[in-house]
Amino acid sequence: MDDTRHDLPDNTHRRGLLKQALGGVAVLVLGPHELAWGAQLLAVRLWPAADYTRVTLESDIPLNATFFAVDNPHRLVIDIDDLELSPQLRELVRKVRSDDPFIAGVRVGQNRPKVVRLVIDLKQPIKPQVFGLHPVAAYQHRLVFDLYPTQAADPRAGLQVPAGAPQAGAAAGAQASAAASGPPALPAAPASPTAPATPSTGAGTGTPSSQAADAVNDALGEFIGGLKKGGTATAGNSSVGGSGGNAGGNASGNAGGNAGKVAERSAAGNAASAEATKAANDTSRLVIVAIDAGHGGEDPGAIGPSGLYEKDVVLSIALKLRARINAQPGMRAMLTRESDYFVPLQERVLKARRVQADLFVSVHADAFMNPEARGASIFALSENGATSAAARWMAKKENASDLVGGVNIKARDASVMRALLDMSTTAQIKDSLKLGQAILGHLGKVGRLHKPRVEQAGFAVLKAPDIPSILVETGFISNPEEESKLKDDSYQGQLADALLAGIQRYFARNPPLARNRAL
């Protein structure tokens with residue numbers, strides 16, 4: 001026992017040997033925790049949008065933050081623990097855009113040791129949400145600040161008549177002329193009244209968005225009320241009865257028409273059946289199409305070989321489709337997002353329901369491990385599982401969008417999505433399949449189809465129980481040839497034309513029903 005201890009040098013002797021080996025310099029040995037006590041900031045990102053602005057701080061370990069709001073002027077103060085000033089944080093100051101609806105500027109400073117303070121100068125009062133996200137996909141830990149307005153924008157405001165859009169009165173005359181010269185190749189959707197050019201001021205209260213929404217609501221309410229009373233209106237009135245498209249594409253007449261007017265139209269040369277004419281008259285109103293540009297913001301979607309982002313391609317196609325729909329008499333389009341920011345899947349569905357959309361079309365671009373995969377596809381919801389392994393894989397990939405884009409779990413009402421799933425009906429799926437098949441035929445004229453039929457799976461974004469909903473994969477962005485097409489502005493226009501033609505064909509065969517409540 002003593003012999004073994006004698007063989008080992010004592011602590012003093014070992015320190016002496018170490019000092020000699022290092023030339024007499026004393027050394028302090030540090031472990032990993034002493035070398036890197038704080039988080040390393042990897043990136044900062046800013047996503048301004050009309051709905052809300054998001055600030056994202058990405059780091060190698062989770063960040064802890066406290067925050068409070070200050071008035072006069074409005075600002076948000078955020079203290080982040082275990083962090084030091086870095087070039088990435090200073091970069092956030094330069095990323096603020098002048099057109100950001102919420103942020104006027106950002107200031108950063110070392111508030112105290114190991115604590116960085118961010119001061120966000122605001123343009124308006126906000127309701128902030130601050131939450132962390134675990135690593136997913138290409139992202140590490142993220143600390144997210146979502147700056148929402150105190151009063152959320154009303155999606156109905158987007159249904160205002162854009163400048164230069166055809167008016168209902170003019171549309172009625174144009175359709176009457178078209179009927180006289182023969183049935184159109186693709187019957188237009190029923191004409192309807194348009195909102196006033198300037199919102200009604202009423203008592204002079206309300207935000208501009210709510211006033212705009214009320215203007216649309218008033219026009220629709222007045223028009224639908226006229227249908228119930230069986231009244232008619234002249235073409236010059238703001239509450240106009242337009243021509244109603246039907247399965248034969250040649251029925252026309254006033255919205256409040258009755259059996260006698262059906263006979264008059266028949267005598268004038270319109271050979272539509274009384275049943276089809278009645279359906280057209282009863283449903284002659286503003287047709288609303290919700291267009292959902294997939295992904296956005298933190299979620300780029302699929303990425304092509306050249307670095308093309310799916311989120312950018314589908315937004316461009318969606319904007320083109322909206323312009324084409326708004327140019328049609330009696331039709332309006334609402335986008336779930338109008339710029340590069342993330343919208344949770346549940347919120348996309350709720351936006352469509354808020355405006356009582358007649359259709360929901362979610363636009364995407366496909367991707368697969370095999371770069372040879374190509375062609376457009378259309379998907380609808382399924383009650384009984386996916387129709388193929390590929391459809392199941394696609395639904396799983398698209399449903400992961402919330403994880404990548406970043407959803408505040410604490411703020412999300414899980415019961416809402418569960419209720420939407422429970423309410424999904426066989427009738428909605430049946431109509432979705434009809435819509436998908438109508439559009440599929442026109443997409444096949446633009447490019448190759450990946451599957452000749454509408455596939456089905458459990459897509460979360462298609463779970464609006466009362467709205468026929470489809471997801472359109474416009475092509476494989478992972479295929480170099482199709483990626484080149486998808487980035488081409490002319491080809492995007494052809495895709496938008498095909499989507500519009502399919503939508504019009506669907507409505508020609510399935511006229512929209514009267515709304516059971518006002519917008």
# chains A, B, ... in the order shown; residues from 1 in each chain; ligands from 1

$ residues_around --residues "Gly502 of chain A" --least-positions-apart "3" --cutoff "8 Å" --atoms "only C-alpha atoms" --output "list in words"
Leu435, Ala438, Ile439, Leu440, Gly441, His442, Ala498, Leu499, Arg505 and Tyr506 of chain A

$ write_last_selection --atoms "N, CA and C atoms" --output "PDB file, in the first residue's frame"
ATOM      1  N   LEU A 435     -64.228  19.387 -58.583  1.00  0.00           N
ATOM      2  CA  LEU A 435     -63.399  20.564 -58.878  1.00  0.00           C
ATOM      3  C   LEU A 435     -62.020  20.136 -59.367  1.00  0.00           C
ATOM      4  N   ALA A 438     -62.104  18.838 -62.924  1.00  0.00           N
ATOM      5  CA  ALA A 438     -62.303  19.914 -63.903  1.00  0.00           C
ATOM      6  C   ALA A 438     -61.007  20.656 -64.175  1.00  0.00           C
ATOM      7  N   ILE A 439     -60.218  20.910 -63.125  1.00  0.00           N
ATOM      8  CA  ILE A 439     -58.955  21.634 -63.295  1.00  0.00           C
ATOM      9  C   ILE A 439     -57.888  20.737 -63.902  1.00  0.00           C
ATOM     10  N   LEU A 440     -57.902  19.457 -63.532  1.00  0.00           N
ATOM     11  CA  LEU A 440     -56.890  18.529 -64.034  1.00  0.00           C
ATOM     12  C   LEU A 440     -56.899  18.476 -65.565  1.00  0.00           C
ATOM     13  N   GLY A 441     -58.092  18.499 -66.146  1.00  0.00           N
ATOM     14  CA  GLY A 441     -58.181  18.451 -67.600  1.00  0.00           C
ATOM     15  C   GLY A 441     -57.512  19.626 -68.273  1.00  0.00           C
ATOM     16  N   HIS A 442     -57.579  20.797 -67.657  1.00  0.00           N
ATOM     17  CA  HIS A 442     -56.951  21.981 -68.245  1.00  0.00           C
ATOM     18  C   HIS A 442     -55.452  22.026 -67.956  1.00  0.00           C
ATOM     19  N   ALA A 498     -55.034  27.975 -66.810  1.00  0.00           N
ATOM     20  CA  ALA A 498     -55.610  26.632 -66.698  1.00  0.00           C
ATOM     21  C   ALA A 498     -56.436  26.492 -65.420  1.00  0.00           C
ATOM     22  N   LEU A 499     -55.934  27.049 -64.319  1.00  0.00           N
ATOM     23  CA  LEU A 499     -56.681  26.988 -63.064  1.00  0.00           C
ATOM     24  C   LEU A 499     -58.008  27.733 -63.186  1.00  0.00           C
ATOM     25  N   ARG A 505     -65.250  26.006 -65.418  1.00  0.00           N
ATOM     26  CA  ARG A 505     -65.954  24.792 -65.855  1.00  0.00           C
ATOM     27  C   ARG A 505     -66.700  24.163 -64.680  1.00  0.00           C
ATOM     28  N   TYR A 506     -66.066  24.147 -63.524  1.00  0.00           N
ATOM     29  CA  TYR A 506     -66.717  23.588 -62.342  1.00  0.00           C
ATOM     30  C   TYR A 506     -68.001  24.352 -62.020  1.00  0.00           C
TER      31      TYR A 506
END

$ residues_around --residues "segment 308-312 of chain A" --least-positions-apart "6" --cutoff "9 Å" --atoms "only C-alpha atoms" --output "PyMOL selection string"
chain A and resi 293-297+299-302+339-340+364-366+477+483+487

$ residues_around --residues "Ala137 of chain A" --least-positions-apart "5" --cutoff "10 Å" --atoms "only C-alpha atoms" --output "compact mmCIF listing (two decimals) with all heavy atoms, in the first residue's frame"
# COMPACT_ATOMS: atom_id res chain seq x y z
N ASP A 299 -40.83 29.11 -43.76
CA ASP A 299 -41.00 27.84 -44.45
C ASP A 299 -40.85 28.05 -45.96
O ASP A 299 -41.77 28.52 -46.62
CB ASP A 299 -42.38 27.27 -44.14
CG ASP A 299 -42.68 25.98 -44.89
OD1 ASP A 299 -41.72 25.36 -45.38
OD2 ASP A 299 -43.86 25.60 -44.98
N ALA A 400 -46.40 19.10 -42.39
CA ALA A 400 -45.27 19.49 -41.55
C ALA A 400 -44.94 20.97 -41.69
O ALA A 400 -44.04 21.47 -41.02
CB ALA A 400 -44.04 18.65 -41.90
N LEU A 403 -44.61 23.03 -38.51
CA LEU A 403 -43.39 22.82 -37.71
C LEU A 403 -42.24 23.66 -38.25
O LEU A 403 -41.48 24.26 -37.49
CB LEU A 403 -43.01 21.34 -37.73
CG LEU A 403 -44.00 20.38 -37.08
CD1 LEU A 403 -43.52 18.94 -37.25
CD2 LEU A 403 -44.19 20.70 -35.60
N VAL A 404 -42.11 23.71 -39.56
CA VAL A 404 -41.01 24.46 -40.18
C VAL A 404 -41.29 25.96 -40.13
O VAL A 404 -40.43 26.76 -39.77
CB VAL A 404 -40.79 24.01 -41.64
CG1 VAL A 404 -39.63 24.79 -42.27
CG2 VAL A 404 -40.50 22.51 -41.69

$ atom_distance --atom1 "atom CA of Leu286 of chain A" --atom2 "atom CA of Ala50 of chain A"
25.1 Å

$ atom_distance --atom1 "atom CA of Leu159 of chain A" --atom2 "atom CA of Glu347 of chain A"
17.8 Å

$ closest_residue --among "A:Leu133, A:Val454, A:Arg75, A:Ile126" --to "Val106 of chain A" --atoms "only C-alpha atoms"
A:Arg75

$ atom_distance --atom1 "atom CA of Arg45 of chain A" --atom2 "atom CA of Pro101 of chain A"
16.2 Å

$ select_by_dssp --residues "segment 438-480 of chain A" --states "strand (DSSP E or B)" --output "list in words"
Leu449, Glu455, Gln456, Ala457, Ser469, Ile470, Leu471, Val472, Glu473, Thr474, Gly475 and Phe476 of chain A

$ residues_around --residues "Asp71 of chain A" --least-positions-apart "4" --cutoff "12 Å" --atoms "only C-alpha atoms" --output "ChimeraX atom specification"
/A:75-77,120-126

$ write_last_selection --atoms "all heavy atoms" --output "mmCIF file, in the first residue's frame"
data_model
loop_
_atom_site.group_PDB
_atom_site.id
_atom_site.type_symbol
_atom_site.label_atom_id
_atom_site.label_comp_id
_atom_site.auth_asym_id
_atom_site.auth_seq_id
_atom_site.Cartn_x
_atom_site.Cartn_y
_atom_site.Cartn_z
ATOM 1 N N ARG A 75 -43.383 51.053 -28.032
ATOM 2 C CA ARG A 75 -42.181 50.252 -28.280
ATOM 3 C C ARG A 75 -42.253 48.976 -27.458
ATOM 4 O O ARG A 75 -42.941 48.900 -26.445
ATOM 5 C CB ARG A 75 -40.900 51.039 -27.990
ATOM 6 C CG ARG A 75 -40.816 51.636 -26.611
ATOM 7 C CD ARG A 75 -39.758 52.742 -26.580
ATOM 8 N NE ARG A 75 -39.531 53.271 -25.243
ATOM 9 C CZ ARG A 75 -40.277 54.200 -24.665
ATOM 10 N NH1 ARG A 75 -41.304 54.701 -25.307
ATOM 11 N NH2 ARG A 75 -39.988 54.627 -23.444
ATOM 12 N N LEU A 76 -41.515 47.988 -27.932
ATOM 13 C CA LEU A 76 -41.434 46.698 -27.253
ATOM 14 C C LEU A 76 -39.994 46.498 -26.800
ATOM 15 O O LEU A 76 -39.061 46.589 -27.603
ATOM 16 C CB LEU A 76 -41.852 45.568 -28.196
ATOM 17 C CG LEU A 76 -41.884 44.157 -27.607
ATOM 18 C CD1 LEU A 76 -42.982 44.027 -26.553
ATOM 19 C CD2 LEU A 76 -42.085 43.108 -28.700
ATOM 20 N N VAL A 77 -39.817 46.231 -25.505
ATOM 21 C CA VAL A 77 -38.484 46.055 -24.924
ATOM 22 C C VAL A 77 -38.295 44.574 -24.608
ATOM 23 O O VAL A 77 -39.105 43.968 -23.911
ATOM 24 C CB VAL A 77 -38.320 46.907 -23.656
ATOM 25 C CG1 VAL A 77 -36.925 46.715 -23.071
ATOM 26 C CG2 VAL A 77 -38.582 48.377 -23.954
ATOM 27 N N ILE A 120 -37.699 47.607 -29.837
ATOM 28 C CA ILE A 120 -38.364 47.690 -31.142
ATOM 29 C C ILE A 120 -39.311 48.884 -31.119
ATOM 30 O O ILE A 120 -40.307 48.891 -30.383
ATOM 31 C CB ILE A 120 -39.141 46.391 -31.452
ATOM 32 C CG1 ILE A 120 -38.177 45.197 -31.434
ATOM 33 C CG2 ILE A 120 -39.841 46.492 -32.799
ATOM 34 C CD1 ILE A 120 -38.859 43.858 -31.688
ATOM 35 N N ASP A 121 -38.965 49.914 -31.869
ATOM 36 C CA ASP A 121 -39.827 51.092 -31.989
ATOM 37 C C ASP A 121 -40.973 50.758 -32.939
ATOM 38 O O ASP A 121 -40.754 50.279 -34.058
ATOM 39 C CB ASP A 121 -39.026 52.287 -32.506
ATOM 40 C CG ASP A 121 -37.915 52.690 -31.541
ATOM 41 O OD1 ASP A 121 -38.213 52.826 -30.341
ATOM 42 O OD2 ASP A 121 -36.761 52.839 -31.987
ATOM 43 N N LEU A 122 -42.194 51.029 -32.503
ATOM 44 C CA LEU A 122 -43.386 50.581 -33.213
ATOM 45 C C LEU A 122 -44.124 51.732 -33.894
ATOM 46 O O LEU A 122 -44.075 52.873 -33.433
ATOM 47 C CB LEU A 122 -44.338 49.879 -32.237
ATOM 48 C CG LEU A 122 -43.761 48.670 -31.505
ATOM 49 C CD1 LEU A 122 -44.669 48.240 -30.371
ATOM 50 C CD2 LEU A 122 -43.529 47.517 -32.476
ATOM 51 N N LYS A 123 -44.812 51.388 -34.975
ATOM 52 C CA LYS A 123 -45.642 52.357 -35.685
ATOM 53 C C LYS A 123 -47.072 52.363 -35.184
ATOM 54 O O LYS A 123 -47.842 53.270 -35.496
ATOM 55 C CB LYS A 123 -45.634 52.045 -37.188
ATOM 56 C CG LYS A 123 -44.276 52.211 -37.852
ATOM 57 C CD LYS A 123 -44.350 51.882 -39.335
ATOM 58 C CE LYS A 123 -43.004 52.065 -40.011
ATOM 59 N NZ LYS A 123 -43.061 51.708 -41.456
ATOM 60 N N GLN A 124 -47.453 51.325 -34.427
ATOM 61 C CA GLN A 124 -48.813 51.209 -33.923
ATOM 62 C C GLN A 124 -48.806 50.279 -32.723
ATOM 63 O O GLN A 124 -47.861 49.514 -32.517
ATOM 64 C CB GLN A 124 -49.744 50.657 -35.008
ATOM 65 C CG GLN A 124 -49.338 49.295 -35.542
ATOM 66 C CD GLN A 124 -50.352 48.704 -36.492
ATOM 67 O OE1 GLN A 124 -51.464 48.374 -36.093
ATOM 68 N NE2 GLN A 124 -49.969 48.574 -37.762
ATOM 69 N N PRO A 125 -49.867 50.317 -31.902
ATOM 70 C CA PRO A 125 -49.941 49.372 -30.779
ATOM 71 C C PRO A 125 -49.991 47.935 -31.307
ATOM 72 O O PRO A 125 -50.545 47.678 -32.372
ATOM 73 C CB PRO A 125 -51.251 49.750 -30.077
ATOM 74 C CG PRO A 125 -51.575 51.124 -30.545
ATOM 75 C CD PRO A 125 -51.011 51.241 -31.931
ATOM 76 N N ILE A 126 -49.455 47.010 -30.531
ATOM 77 C CA ILE A 126 -49.396 45.616 -30.975
ATOM 78 C C ILE A 126 -49.825 44.675 -29.856
ATOM 79 O O ILE A 126 -49.900 45.056 -28.680
ATOM 80 C CB ILE A 126 -47.985 45.218 -31.439
ATOM 81 C CG1 ILE A 126 -46.994 45.365 -30.275
ATOM 82 C CG2 ILE A 126 -47.555 46.004 -32.650
ATOM 83 C CD1 ILE A 126 -45.696 44.646 -30.484
#

$ residues_around --residues "Lys320 of chain A" --least-positions-apart "3" --cutoff "8 Å" --atoms "only C-alpha atoms" --output "MDAnalysis selection string"
chainID A and resid 316:317 323:324 492:493 496

$ residues_around --residues "Thr425 of chain A" --least-positions-apart "5" --cutoff "10 Å" --atoms "only C-alpha atoms" --output "CSV table (one decimal) with N, CA and C atoms, in the first residue's frame"
chain,number,residue,atom,x,y,z
A,381,LEU,N,-59.2,16.0,-50.0
A,381,LEU,CA,-59.2,15.4,-48.7
A,381,LEU,C,-59.8,14.0,-48.8
A,382,SER,N,-59.3,13.1,-47.8
A,382,SER,CA,-59.8,11.8,-47.8
A,382,SER,C,-60.4,11.5,-46.4
A,383,GLU,N,-61.5,10.8,-46.3
A,383,GLU,CA,-62.0,10.4,-45.0
A,383,GLU,C,-61.5,9.0,-44.6
A,420,LEU,N,-62.9,21.1,-37.2
A,420,LEU,CA,-62.9,21.1,-38.6
A,420,LEU,C,-62.8,19.7,-39.2
A,430,LYS,N,-66.8,15.1,-52.1
A,430,LYS,CA,-67.4,14.8,-53.5
A,430,LYS,C,-67.2,16.0,-54.4
A,463,LYS,N,-59.2,21.0,-44.9
A,463,LYS,CA,-60.3,20.5,-43.9
A,463,LYS,C,-61.3,21.6,-43.6
A,464,ALA,N,-61.7,22.4,-44.6
A,464,ALA,CA,-62.8,23.3,-44.5
A,464,ALA,C,-64.1,22.5,-44.7
A,465,PRO,N,-64.9,22.3,-43.7
A,465,PRO,CA,-66.0,21.3,-43.9
A,465,PRO,C,-67.1,21.8,-44.9
A,466,ASP,N,-67.2,23.0,-45.2
A,466,ASP,CA,-68.2,23.5,-46.1
A,466,ASP,C,-67.7,24.2,-47.4
A,467,ILE,N,-66.5,23.9,-47.7
A,467,ILE,CA,-65.9,24.5,-48.9
A,467,ILE,C,-65.2,23.4,-49.7

$ closest_atom_pairs --of "segment 269-374 of chain A" --to "segment 479-482 of chain A" --cutoff "10 Å" --atoms "only C-alpha atoms" --output "tab-separated table"
residue	atom	partner	partner_atom	distance
A:Gly304	CA	A:Pro480	CA	7.3
A:Pro305	CA	A:Pro480	CA	6.3
A:Ser306	CA	A:Pro480	CA	7.9
A:Ala365	CA	A:Glu482	CA	9.9
A:Asp366	CA	A:Asn479	CA	9.2
A:Ala367	CA	A:Asn479	CA	7.7
A:Phe368	CA	A:Asn479	CA	8.4
A:Met369	CA	A:Asn479	CA	9.6
A:Asn370	CA	A:Asn479	CA	8.1
A:Pro371	CA	A:Asn479	CA	4.7
A:Glu372	CA	A:Asn479	CA	5.9
A:Ala373	CA	A:Asn479	CA	6.4
A:Arg374	CA	A:Asn479	CA	6.4

$ write_last_selection --atoms "C-alpha atoms" --output "compact mmCIF listing (two decimals), in the first residue's frame"
# COMPACT_ATOMS: atom_id res chain seq x y z
CA GLY A 304 -35.16 23.36 -56.71
CA PRO A 305 -31.70 22.36 -58.00
CA SER A 306 -30.85 26.00 -58.79
CA ALA A 365 -44.87 22.79 -56.31
CA ASP A 366 -43.91 19.17 -55.78
CA ALA A 367 -40.52 17.66 -54.95
CA PHE A 368 -39.10 14.16 -54.75
CA MET A 369 -35.77 12.45 -54.19
CA ASN A 370 -35.72 11.25 -57.78
CA PRO A 371 -35.09 14.29 -60.03
CA GLU A 372 -36.78 12.47 -62.92
CA ALA A 373 -40.22 12.77 -61.29
CA ARG A 374 -42.38 15.25 -63.20
